[in-house]
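Chemist: Provided herewith: structure19.cif, mmCIF, N, CA and C atoms.
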```cif
data_work
loop_
_atom_site.label_atom_id
_atom_site.label_comp_id
_atom_site.auth_asym_id
_atom_site.auth_seq_id
_atom_site.Cartn_x
_atom_site.Cartn_y
_atom_site.Cartn_z
N MET A 1 20.52 -45.18 8.76
CA MET A 1 21.05 -45.45 7.43
C MET A 1 20.27 -44.61 6.42
N ARG A 2 20.98 -44.01 5.53
CA ARG A 2 20.39 -43.11 4.56
C ARG A 2 20.01 -43.86 3.29
N ALA A 3 18.79 -43.55 2.78
CA ALA A 3 18.34 -44.20 1.54
C ALA A 3 19.02 -43.55 0.35
N SER A 4 19.34 -44.37 -0.61
CA SER A 4 19.97 -43.82 -1.81
C SER A 4 18.90 -43.13 -2.65
N THR A 5 19.33 -42.21 -3.49
CA THR A 5 18.39 -41.48 -4.32
C THR A 5 17.74 -42.38 -5.37
N SER A 6 18.38 -43.46 -5.72
CA SER A 6 17.77 -44.36 -6.70
C SER A 6 16.61 -45.14 -6.09
N ALA A 7 16.58 -45.24 -4.76
CA ALA A 7 15.48 -45.96 -4.10
C ALA A 7 14.22 -45.10 -3.99
N VAL A 8 14.36 -43.81 -4.16
CA VAL A 8 13.21 -42.92 -4.09
C VAL A 8 12.48 -42.99 -5.43
N ARG A 9 11.20 -43.32 -5.37
CA ARG A 9 10.44 -43.49 -6.60
C ARG A 9 9.43 -42.36 -6.76
N SER A 10 9.13 -42.09 -7.95
CA SER A 10 8.13 -41.08 -8.25
C SER A 10 6.75 -41.70 -8.13
N TYR A 11 5.79 -40.92 -7.68
CA TYR A 11 4.42 -41.39 -7.59
C TYR A 11 3.67 -41.16 -8.89
N ARG A 12 4.34 -40.61 -9.87
CA ARG A 12 3.71 -40.33 -11.15
C ARG A 12 3.56 -41.62 -11.94
N SER A 13 2.42 -41.74 -12.55
CA SER A 13 2.17 -42.90 -13.40
C SER A 13 3.15 -42.88 -14.57
N PRO A 14 3.63 -44.04 -14.98
CA PRO A 14 4.62 -44.06 -16.07
C PRO A 14 4.07 -43.57 -17.40
N ASP A 15 2.75 -43.61 -17.60
CA ASP A 15 2.21 -43.18 -18.88
C ASP A 15 1.86 -41.69 -18.92
N VAL A 16 2.13 -40.96 -17.82
CA VAL A 16 1.87 -39.52 -17.79
C VAL A 16 3.17 -38.79 -18.07
N LYS A 17 3.13 -37.91 -19.07
CA LYS A 17 4.32 -37.14 -19.40
C LYS A 17 4.46 -36.00 -18.41
N ALA A 18 5.66 -35.65 -18.07
CA ALA A 18 5.92 -34.59 -17.10
C ALA A 18 6.02 -33.25 -17.81
N TYR A 19 4.90 -32.53 -17.82
CA TYR A 19 4.90 -31.18 -18.37
C TYR A 19 4.93 -30.21 -17.20
N PRO A 20 5.65 -29.12 -17.33
CA PRO A 20 5.65 -28.15 -16.23
C PRO A 20 4.27 -27.51 -16.09
N ASN A 21 3.87 -27.32 -14.87
CA ASN A 21 2.58 -26.70 -14.59
C ASN A 21 2.69 -25.19 -14.80
N PRO A 22 1.91 -24.63 -15.73
CA PRO A 22 2.00 -23.18 -15.97
C PRO A 22 1.29 -22.36 -14.91
N TYR A 23 0.63 -23.01 -13.97
CA TYR A 23 -0.12 -22.30 -12.94
C TYR A 23 0.67 -22.32 -11.64
N PRO A 24 0.57 -21.27 -10.85
CA PRO A 24 1.43 -21.15 -9.67
C PRO A 24 1.14 -22.16 -8.56
N TYR A 25 -0.06 -22.71 -8.53
CA TYR A 25 -0.40 -23.66 -7.47
C TYR A 25 -0.66 -25.02 -8.10
N PRO A 26 -0.20 -26.10 -7.46
CA PRO A 26 -0.32 -27.43 -8.08
C PRO A 26 -1.74 -27.84 -8.41
N ASP A 27 -2.71 -27.46 -7.60
CA ASP A 27 -4.09 -27.87 -7.84
C ASP A 27 -4.87 -26.90 -8.71
N GLN A 28 -4.24 -25.81 -9.10
CA GLN A 28 -4.93 -24.79 -9.88
C GLN A 28 -5.12 -25.28 -11.31
N LYS A 29 -6.32 -25.14 -11.78
CA LYS A 29 -6.63 -25.56 -13.14
C LYS A 29 -7.10 -24.34 -13.92
N PRO A 30 -6.92 -24.36 -15.23
CA PRO A 30 -7.38 -23.20 -16.02
C PRO A 30 -8.89 -23.08 -15.98
N LEU A 31 -9.36 -21.87 -16.12
CA LEU A 31 -10.80 -21.63 -16.18
C LEU A 31 -11.34 -22.14 -17.51
N PRO A 32 -12.57 -22.62 -17.53
CA PRO A 32 -13.14 -23.06 -18.81
C PRO A 32 -13.17 -21.89 -19.80
N THR A 33 -13.15 -22.21 -21.07
CA THR A 33 -13.14 -21.15 -22.08
C THR A 33 -14.44 -20.37 -22.11
N ASN A 34 -15.52 -20.94 -21.60
CA ASN A 34 -16.79 -20.23 -21.59
C ASN A 34 -17.03 -19.51 -20.27
N PHE A 35 -16.03 -19.44 -19.41
CA PHE A 35 -16.16 -18.78 -18.11
C PHE A 35 -16.04 -17.27 -18.29
N HIS A 36 -17.00 -16.53 -17.78
CA HIS A 36 -16.98 -15.08 -17.87
C HIS A 36 -17.03 -14.51 -16.46
N THR A 37 -16.20 -13.54 -16.21
CA THR A 37 -16.24 -12.90 -14.91
C THR A 37 -17.31 -11.84 -14.91
N LEU A 38 -17.90 -11.62 -13.75
CA LEU A 38 -18.97 -10.65 -13.60
C LEU A 38 -18.42 -9.48 -12.79
N HIS A 39 -18.43 -8.32 -13.37
CA HIS A 39 -17.93 -7.14 -12.69
C HIS A 39 -19.11 -6.30 -12.22
N ILE A 40 -19.24 -6.15 -10.92
CA ILE A 40 -20.30 -5.34 -10.34
C ILE A 40 -19.63 -4.24 -9.53
N SER A 41 -20.07 -3.04 -9.73
CA SER A 41 -19.46 -1.95 -9.00
C SER A 41 -19.77 -2.05 -7.52
N ARG A 42 -18.86 -1.58 -6.71
CA ARG A 42 -19.01 -1.63 -5.27
C ARG A 42 -20.20 -0.79 -4.80
N SER A 43 -20.42 0.34 -5.45
CA SER A 43 -21.54 1.17 -5.05
C SER A 43 -22.87 0.50 -5.36
N LEU A 44 -22.94 -0.28 -6.44
CA LEU A 44 -24.16 -1.01 -6.75
C LEU A 44 -24.42 -2.09 -5.72
N LEU A 45 -23.37 -2.77 -5.29
CA LEU A 45 -23.51 -3.79 -4.27
C LEU A 45 -23.97 -3.19 -2.95
N MET A 46 -23.43 -2.03 -2.61
CA MET A 46 -23.74 -1.42 -1.33
C MET A 46 -25.04 -0.63 -1.35
N SER A 47 -25.61 -0.37 -2.52
CA SER A 47 -26.79 0.49 -2.60
C SER A 47 -27.96 -0.08 -1.80
N ASP A 48 -28.17 -1.39 -1.87
CA ASP A 48 -29.26 -1.99 -1.11
C ASP A 48 -28.99 -1.95 0.39
N LEU A 49 -27.71 -2.05 0.76
CA LEU A 49 -27.37 -2.06 2.18
C LEU A 49 -27.53 -0.68 2.80
N THR A 50 -27.14 0.35 2.08
CA THR A 50 -27.16 1.68 2.67
C THR A 50 -28.57 2.27 2.72
N THR A 51 -29.49 1.75 1.94
CA THR A 51 -30.84 2.30 2.00
C THR A 51 -31.55 1.89 3.28
N ASP A 52 -31.15 0.78 3.88
CA ASP A 52 -31.80 0.31 5.09
C ASP A 52 -31.20 0.90 6.36
N ILE A 53 -30.10 1.59 6.27
CA ILE A 53 -29.43 2.11 7.44
C ILE A 53 -30.10 3.41 7.87
N SER A 54 -30.36 3.51 9.14
CA SER A 54 -31.05 4.68 9.66
C SER A 54 -30.15 5.90 9.59
N THR A 55 -30.75 7.06 9.39
CA THR A 55 -29.98 8.30 9.37
C THR A 55 -29.67 8.77 10.78
N ASP A 56 -30.15 8.05 11.80
CA ASP A 56 -29.84 8.41 13.18
C ASP A 56 -28.35 8.29 13.47
N VAL A 57 -27.65 7.44 12.70
CA VAL A 57 -26.21 7.26 12.92
C VAL A 57 -25.48 8.58 12.69
N SER A 58 -25.83 9.31 11.62
CA SER A 58 -25.11 10.53 11.30
C SER A 58 -25.38 11.63 12.33
N THR A 59 -26.58 11.66 12.89
CA THR A 59 -26.85 12.69 13.87
C THR A 59 -26.25 12.35 15.22
N ALA A 60 -26.13 11.08 15.53
CA ALA A 60 -25.59 10.66 16.82
C ALA A 60 -24.07 10.65 16.82
N ALA A 61 -23.45 10.59 15.64
CA ALA A 61 -22.00 10.49 15.56
C ALA A 61 -21.37 11.87 15.62
N THR A 62 -20.92 12.24 16.80
CA THR A 62 -20.21 13.51 16.94
C THR A 62 -18.76 13.30 16.57
N VAL A 63 -18.03 14.37 16.46
CA VAL A 63 -16.61 14.27 16.14
C VAL A 63 -15.89 13.42 17.19
N GLU A 64 -16.24 13.62 18.45
CA GLU A 64 -15.56 12.88 19.52
C GLU A 64 -15.89 11.39 19.49
N THR A 65 -17.14 11.03 19.17
CA THR A 65 -17.48 9.60 19.11
C THR A 65 -16.80 8.92 17.93
N VAL A 66 -16.70 9.62 16.81
CA VAL A 66 -15.98 9.06 15.65
C VAL A 66 -14.51 8.89 15.98
N ARG A 67 -13.90 9.89 16.61
CA ARG A 67 -12.49 9.82 16.98
C ARG A 67 -12.24 8.67 17.96
N THR A 68 -13.12 8.52 18.93
CA THR A 68 -12.96 7.45 19.92
C THR A 68 -13.09 6.09 19.25
N TRP A 69 -14.07 5.95 18.38
CA TRP A 69 -14.25 4.67 17.69
C TRP A 69 -13.04 4.33 16.82
N LEU A 70 -12.55 5.31 16.05
CA LEU A 70 -11.38 5.08 15.21
C LEU A 70 -10.16 4.72 16.04
N THR A 71 -9.97 5.42 17.14
CA THR A 71 -8.82 5.13 18.01
C THR A 71 -8.90 3.72 18.55
N GLU A 72 -10.08 3.30 18.96
CA GLU A 72 -10.24 1.94 19.48
C GLU A 72 -9.99 0.89 18.41
N ARG A 73 -10.46 1.14 17.18
CA ARG A 73 -10.24 0.18 16.09
C ARG A 73 -8.75 0.06 15.75
N VAL A 74 -8.08 1.19 15.62
CA VAL A 74 -6.65 1.16 15.30
C VAL A 74 -5.87 0.50 16.43
N ALA A 75 -6.22 0.80 17.66
CA ALA A 75 -5.55 0.17 18.81
C ALA A 75 -5.77 -1.33 18.80
N TYR A 76 -6.96 -1.75 18.44
CA TYR A 76 -7.25 -3.18 18.35
C TYR A 76 -6.38 -3.85 17.29
N PHE A 77 -6.28 -3.22 16.11
CA PHE A 77 -5.47 -3.78 15.04
C PHE A 77 -4.00 -3.89 15.43
N LEU A 78 -3.50 -2.90 16.16
CA LEU A 78 -2.09 -2.87 16.51
C LEU A 78 -1.79 -3.55 17.84
N ASP A 79 -2.84 -4.04 18.51
CA ASP A 79 -2.71 -4.73 19.78
C ASP A 79 -2.05 -3.85 20.84
N VAL A 80 -2.54 -2.62 20.93
CA VAL A 80 -2.08 -1.67 21.95
C VAL A 80 -3.32 -1.08 22.60
N THR A 81 -3.13 -0.29 23.64
CA THR A 81 -4.27 0.37 24.28
C THR A 81 -4.61 1.64 23.50
N PRO A 82 -5.86 2.09 23.55
CA PRO A 82 -6.23 3.32 22.84
C PRO A 82 -5.43 4.54 23.32
N GLN A 83 -4.96 4.53 24.55
CA GLN A 83 -4.16 5.65 25.05
C GLN A 83 -2.80 5.73 24.37
N ASP A 84 -2.34 4.63 23.77
CA ASP A 84 -1.05 4.62 23.08
C ASP A 84 -1.12 5.21 21.67
N ILE A 85 -2.32 5.48 21.18
CA ILE A 85 -2.49 5.99 19.83
C ILE A 85 -2.57 7.52 19.87
N ALA A 86 -1.63 8.16 19.18
CA ALA A 86 -1.64 9.62 19.07
C ALA A 86 -2.58 10.01 17.93
N HIS A 87 -3.49 10.93 18.21
CA HIS A 87 -4.47 11.34 17.20
C HIS A 87 -3.85 12.09 16.04
N ASP A 88 -2.70 12.70 16.26
CA ASP A 88 -2.06 13.44 15.18
C ASP A 88 -0.86 12.70 14.59
N GLY A 89 -0.63 11.46 15.03
CA GLY A 89 0.47 10.65 14.51
C GLY A 89 0.08 9.96 13.22
N LEU A 90 1.04 9.80 12.33
CA LEU A 90 0.78 9.11 11.06
C LEU A 90 0.50 7.64 11.34
N LEU A 91 -0.58 7.14 10.76
CA LEU A 91 -0.98 5.75 11.00
C LEU A 91 0.09 4.76 10.54
N VAL A 92 0.73 5.06 9.44
CA VAL A 92 1.77 4.16 8.94
C VAL A 92 2.98 4.12 9.88
N GLU A 93 3.26 5.22 10.54
CA GLU A 93 4.40 5.26 11.46
C GLU A 93 4.12 4.53 12.77
N ILE A 94 2.84 4.41 13.13
CA ILE A 94 2.54 3.68 14.36
C ILE A 94 2.28 2.20 14.09
N GLY A 95 2.38 1.79 12.82
CA GLY A 95 2.35 0.38 12.49
C GLY A 95 1.15 -0.13 11.72
N LEU A 96 0.27 0.74 11.26
CA LEU A 96 -0.89 0.29 10.50
C LEU A 96 -0.44 -0.06 9.08
N ASP A 97 -0.60 -1.32 8.72
CA ASP A 97 -0.19 -1.74 7.38
C ASP A 97 -1.38 -1.75 6.42
N SER A 98 -1.14 -2.14 5.19
CA SER A 98 -2.18 -2.07 4.17
C SER A 98 -3.35 -3.00 4.44
N VAL A 99 -3.09 -4.14 5.04
CA VAL A 99 -4.18 -5.08 5.34
C VAL A 99 -5.12 -4.47 6.37
N TYR A 100 -4.55 -3.91 7.44
CA TYR A 100 -5.39 -3.29 8.46
C TYR A 100 -6.05 -2.01 7.95
N ALA A 101 -5.38 -1.30 7.07
CA ALA A 101 -5.98 -0.08 6.51
C ALA A 101 -7.21 -0.43 5.69
N LEU A 102 -7.14 -1.49 4.92
CA LEU A 102 -8.28 -1.93 4.12
C LEU A 102 -9.39 -2.47 5.03
N THR A 103 -9.01 -3.18 6.07
CA THR A 103 -9.99 -3.68 7.03
C THR A 103 -10.69 -2.52 7.73
N LEU A 104 -9.93 -1.48 8.03
CA LEU A 104 -10.52 -0.30 8.65
C LEU A 104 -11.57 0.33 7.74
N CYS A 105 -11.32 0.35 6.44
CA CYS A 105 -12.31 0.88 5.49
C CYS A 105 -13.62 0.11 5.58
N GLY A 106 -13.53 -1.20 5.61
CA GLY A 106 -14.73 -2.02 5.74
C GLY A 106 -15.44 -1.80 7.06
N ASP A 107 -14.66 -1.63 8.12
CA ASP A 107 -15.25 -1.37 9.44
C ASP A 107 -15.97 -0.02 9.48
N VAL A 108 -15.39 0.99 8.83
CA VAL A 108 -16.03 2.30 8.76
C VAL A 108 -17.35 2.20 8.00
N GLU A 109 -17.33 1.48 6.88
CA GLU A 109 -18.56 1.30 6.11
C GLU A 109 -19.63 0.58 6.92
N ASP A 110 -19.22 -0.46 7.65
CA ASP A 110 -20.17 -1.21 8.47
C ASP A 110 -20.71 -0.38 9.63
N GLU A 111 -19.84 0.37 10.27
CA GLU A 111 -20.23 1.12 11.46
C GLU A 111 -21.11 2.33 11.13
N TYR A 112 -20.74 3.05 10.07
CA TYR A 112 -21.42 4.31 9.79
C TYR A 112 -22.32 4.29 8.56
N GLY A 113 -22.30 3.21 7.80
CA GLY A 113 -23.18 3.10 6.65
C GLY A 113 -22.84 4.04 5.51
N ILE A 114 -21.56 4.35 5.36
CA ILE A 114 -21.13 5.20 4.25
C ILE A 114 -20.15 4.43 3.39
N LEU A 115 -20.04 4.81 2.14
CA LEU A 115 -19.05 4.21 1.26
C LEU A 115 -17.77 5.01 1.33
N VAL A 116 -16.66 4.33 1.52
CA VAL A 116 -15.37 5.01 1.55
C VAL A 116 -14.43 4.35 0.55
N GLU A 117 -13.48 5.09 0.11
CA GLU A 117 -12.48 4.55 -0.82
C GLU A 117 -11.55 3.60 -0.08
N ALA A 118 -10.99 2.66 -0.81
CA ALA A 118 -10.05 1.70 -0.23
C ALA A 118 -8.77 2.38 0.23
N THR A 119 -8.52 3.58 -0.26
CA THR A 119 -7.31 4.32 0.10
C THR A 119 -7.56 5.32 1.23
N LEU A 120 -8.63 5.15 1.96
CA LEU A 120 -9.03 6.09 3.00
C LEU A 120 -7.90 6.39 3.98
N ALA A 121 -7.26 5.35 4.49
CA ALA A 121 -6.22 5.55 5.50
C ALA A 121 -4.96 6.20 4.93
N TRP A 122 -4.77 6.11 3.64
CA TRP A 122 -3.59 6.75 3.02
C TRP A 122 -3.93 8.19 2.62
N ASP A 123 -5.17 8.43 2.24
CA ASP A 123 -5.58 9.78 1.87
C ASP A 123 -5.74 10.68 3.10
N HIS A 124 -6.08 10.09 4.22
CA HIS A 124 -6.27 10.81 5.49
C HIS A 124 -5.42 10.06 6.53
N PRO A 125 -4.13 10.36 6.60
CA PRO A 125 -3.17 9.50 7.30
C PRO A 125 -3.12 9.60 8.82
N THR A 126 -3.97 10.39 9.45
CA THR A 126 -3.97 10.47 10.91
C THR A 126 -5.39 10.22 11.42
N ILE A 127 -5.50 9.92 12.70
CA ILE A 127 -6.82 9.73 13.31
C ILE A 127 -7.65 11.02 13.17
N ASP A 128 -7.01 12.17 13.41
CA ASP A 128 -7.73 13.45 13.28
C ASP A 128 -8.24 13.68 11.86
N ALA A 129 -7.41 13.38 10.87
CA ALA A 129 -7.81 13.57 9.48
C ALA A 129 -8.93 12.60 9.10
N LEU A 130 -8.82 11.35 9.55
CA LEU A 130 -9.88 10.38 9.30
C LEU A 130 -11.19 10.81 9.95
N THR A 131 -11.08 11.29 11.18
CA THR A 131 -12.26 11.74 11.92
C THR A 131 -12.97 12.87 11.18
N ALA A 132 -12.21 13.85 10.74
CA ALA A 132 -12.80 14.98 10.03
C ALA A 132 -13.47 14.53 8.73
N HIS A 133 -12.82 13.63 8.01
CA HIS A 133 -13.37 13.15 6.74
C HIS A 133 -14.67 12.37 6.98
N ILE A 134 -14.63 11.43 7.91
CA ILE A 134 -15.82 10.60 8.18
C ILE A 134 -16.97 11.47 8.68
N HIS A 135 -16.66 12.39 9.56
CA HIS A 135 -17.72 13.27 10.10
C HIS A 135 -18.32 14.13 9.00
N SER A 136 -17.50 14.60 8.09
CA SER A 136 -18.03 15.42 6.99
C SER A 136 -18.88 14.55 6.05
N GLU A 137 -18.49 13.31 5.83
CA GLU A 137 -19.28 12.39 5.01
C GLU A 137 -20.63 12.10 5.67
N LEU A 138 -20.62 11.95 6.97
CA LEU A 138 -21.87 11.70 7.69
C LEU A 138 -22.78 12.92 7.63
N GLY A 139 -22.19 14.10 7.68
CA GLY A 139 -22.98 15.33 7.62
C GLY A 139 -23.57 15.57 6.24
N ALA A 140 -22.92 15.02 5.21
CA ALA A 140 -23.38 15.22 3.83
C ALA A 140 -24.57 14.32 3.49
N ARG A 141 -24.85 13.35 4.33
CA ARG A 141 -25.97 12.43 4.03
C ARG A 141 -27.30 13.04 4.34
#
```
Is it possible to give me this structure as structure tokens?
Modeler:
Amino acid sequence: MRASTSAVRSYRSPDVKAYPNPYPYPDQKPLPTNFHTLHISRSLLMSDLTTDISTDVSTAATVETVRTWLTERVAYFLDVTPQDIAHDGLLVEIGLDSVYALTLCGDVEDEYGILVEATLAWDHPTIDALTAHIHSELGAR
């Protein structure tokens, strides 16, 4: 048996007026008027981290080791084997989306201790192009 719509009651207290919530999420509340956001540049945040990283990484990272590492990371993101990744194929055409491209940037920074732009995978759209860029960045250190 179906309940009538008049039997459905609101859980709202009768003394609370129903104003539309201007915020996209029901639990979201406005920030206090004295709240200030703190903007810190990414390079400033990473400066302490990169000073502790050994320079042995740049000398040990050959073009082939960088290419192999990148291929394995992209294959992991796409859930395929590294042999399925063409080094000269466009990353976007093989299925790398913006979330994985940004994650790859963070992985490159963690692995090699260099700062890269968030648009790295779009600026260098193939494994070969990424490899050349990362290797040149490592050589410049």
Chemist: Looking at A:Leu102, A:Ala132, A:Ala118, A:Leu91, which one is nearest to Val63 (chain A), with distances taken over only N, CA and C atoms?
Modeler: A:Ala132
Chemist: Using only C-alpha atoms, which protein or nucleic acid residues come within 8 Å of Ile127 (chain A)? Drop anything in the same chain fewer than 2 positions from it, and give the result as a ChimeraX atom specification.
Modeler: /A:67,70-71,86-91,124-125,129-131
Chemist: Write the residues of the selection above to a file with N, CA and C atoms, as a PDB file, in the frame of the given file.
Modeler:
```pdb
ATOM      1  N   ARG A  67     -13.900   9.890  16.610  1.00  0.00           N
ATOM      2  CA  ARG A  67     -12.490   9.820  16.980  1.00  0.00           C
ATOM      3  C   ARG A  67     -12.240   8.670  17.960  1.00  0.00           C
ATOM      4  N   LEU A  70     -12.550   5.310  16.050  1.00  0.00           N
ATOM      5  CA  LEU A  70     -11.380   5.080  15.210  1.00  0.00           C
ATOM      6  C   LEU A  70     -10.160   4.720  16.040  1.00  0.00           C
ATOM      7  N   THR A  71      -9.970   5.420  17.140  1.00  0.00           N
ATOM      8  CA  THR A  71      -8.820   5.130  18.010  1.00  0.00           C
ATOM      9  C   THR A  71      -8.900   3.720  18.550  1.00  0.00           C
ATOM     10  N   ALA A  86      -1.630   8.160  19.180  1.00  0.00           N
ATOM     11  CA  ALA A  86      -1.640   9.620  19.070  1.00  0.00           C
ATOM     12  C   ALA A  86      -2.580  10.010  17.930  1.00  0.00           C
ATOM     13  N   HIS A  87      -3.490  10.930  18.210  1.00  0.00           N
ATOM     14  CA  HIS A  87      -4.470  11.340  17.200  1.00  0.00           C
ATOM     15  C   HIS A  87      -3.850  12.090  16.040  1.00  0.00           C
ATOM     16  N   ASP A  88      -2.700  12.700  16.260  1.00  0.00           N
ATOM     17  CA  ASP A  88      -2.060  13.440  15.180  1.00  0.00           C
ATOM     18  C   ASP A  88      -0.860  12.700  14.590  1.00  0.00           C
ATOM     19  N   GLY A  89      -0.630  11.460  15.030  1.00  0.00           N
ATOM     20  CA  GLY A  89       0.470  10.650  14.510  1.00  0.00           C
ATOM     21  C   GLY A  89       0.080   9.960  13.220  1.00  0.00           C
ATOM     22  N   LEU A  90       1.040   9.800  12.330  1.00  0.00           N
ATOM     23  CA  LEU A  90       0.780   9.110  11.060  1.00  0.00           C
ATOM     24  C   LEU A  90       0.500   7.640  11.340  1.00  0.00           C
ATOM     25  N   LEU A  91      -0.580   7.140  10.760  1.00  0.00           N
ATOM     26  CA  LEU A  91      -0.980   5.750  11.000  1.00  0.00           C
ATOM     27  C   LEU A  91       0.090   4.760  10.540  1.00  0.00           C
ATOM     28  N   HIS A 124      -6.080  10.090   4.220  1.00  0.00           N
ATOM     29  CA  HIS A 124      -6.270  10.810   5.490  1.00  0.00           C
ATOM     30  C   HIS A 124      -5.420  10.060   6.530  1.00  0.00           C
ATOM     31  N   PRO A 125      -4.130  10.360   6.600  1.00  0.00           N
ATOM     32  CA  PRO A 125      -3.170   9.500   7.300  1.00  0.00           C
ATOM     33  C   PRO A 125      -3.120   9.600   8.820  1.00  0.00           C
ATOM     34  N   ALA A 129      -7.410  13.380  10.870  1.00  0.00           N
ATOM     35  CA  ALA A 129      -7.810  13.570   9.480  1.00  0.00           C
ATOM     36  C   ALA A 129      -8.930  12.600   9.100  1.00  0.00           C
ATOM     37  N   LEU A 130      -8.820  11.350   9.550  1.00  0.00           N
ATOM     38  CA  LEU A 130      -9.880  10.380   9.300  1.00  0.00           C
ATOM     39  C   LEU A 130     -11.190  10.810   9.950  1.00  0.00           C
ATOM     40  N   THR A 131     -11.080  11.290  11.180  1.00  0.00           N
ATOM     41  CA  THR A 131     -12.260  11.740  11.920  1.00  0.00           C
ATOM     42  C   THR A 131     -12.970  12.870  11.180  1.00  0.00           C
TER      43      THR A 131
END
```
Chemist: Figure out the distance between CA of Thr119 (chain A) and CA of Tyr76 (chain A), please, to one decimal in Å.
Modeler: 19.7 Å
Chemist: Please indicate the distance in Å from CA of Leu96 (chain A) to atom C of Val74 (chain A), rounded to one decimal place.
Modeler: 7.7 Å
Chemist: Could you check how far CA of Asp84 (chain A) sits from CA of Glu117 (chain A), in Å to one decimal?
Modeler: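 For CA of Asp84 (chain A) relative to CA of Glu117 (chain A), the distance reads 26.5 Å.
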Chemist: As a check of understanding, name the residues that the PyMOL selection byres (((chain A and resi 73 and name CA) around 10) and name CA) selects in the supplied structure, as a list in words.
Modeler: Arg67, Thr68, Trp69, Leu70, Thr71, Glu72, Val74, Ala75, Tyr76, Phe77, Leu78, Asp79, Pro82, Tyr100, Thr103, Leu104, Asp107 and Val108 of chain A
Chemist: Given the choices A:Ile114, A:Ala121, A:Ile134, A:Ala140, which gets closest to Ala101 (chain A) if the distance is worked out from only C-alpha atoms?
Modeler: A:Ala121
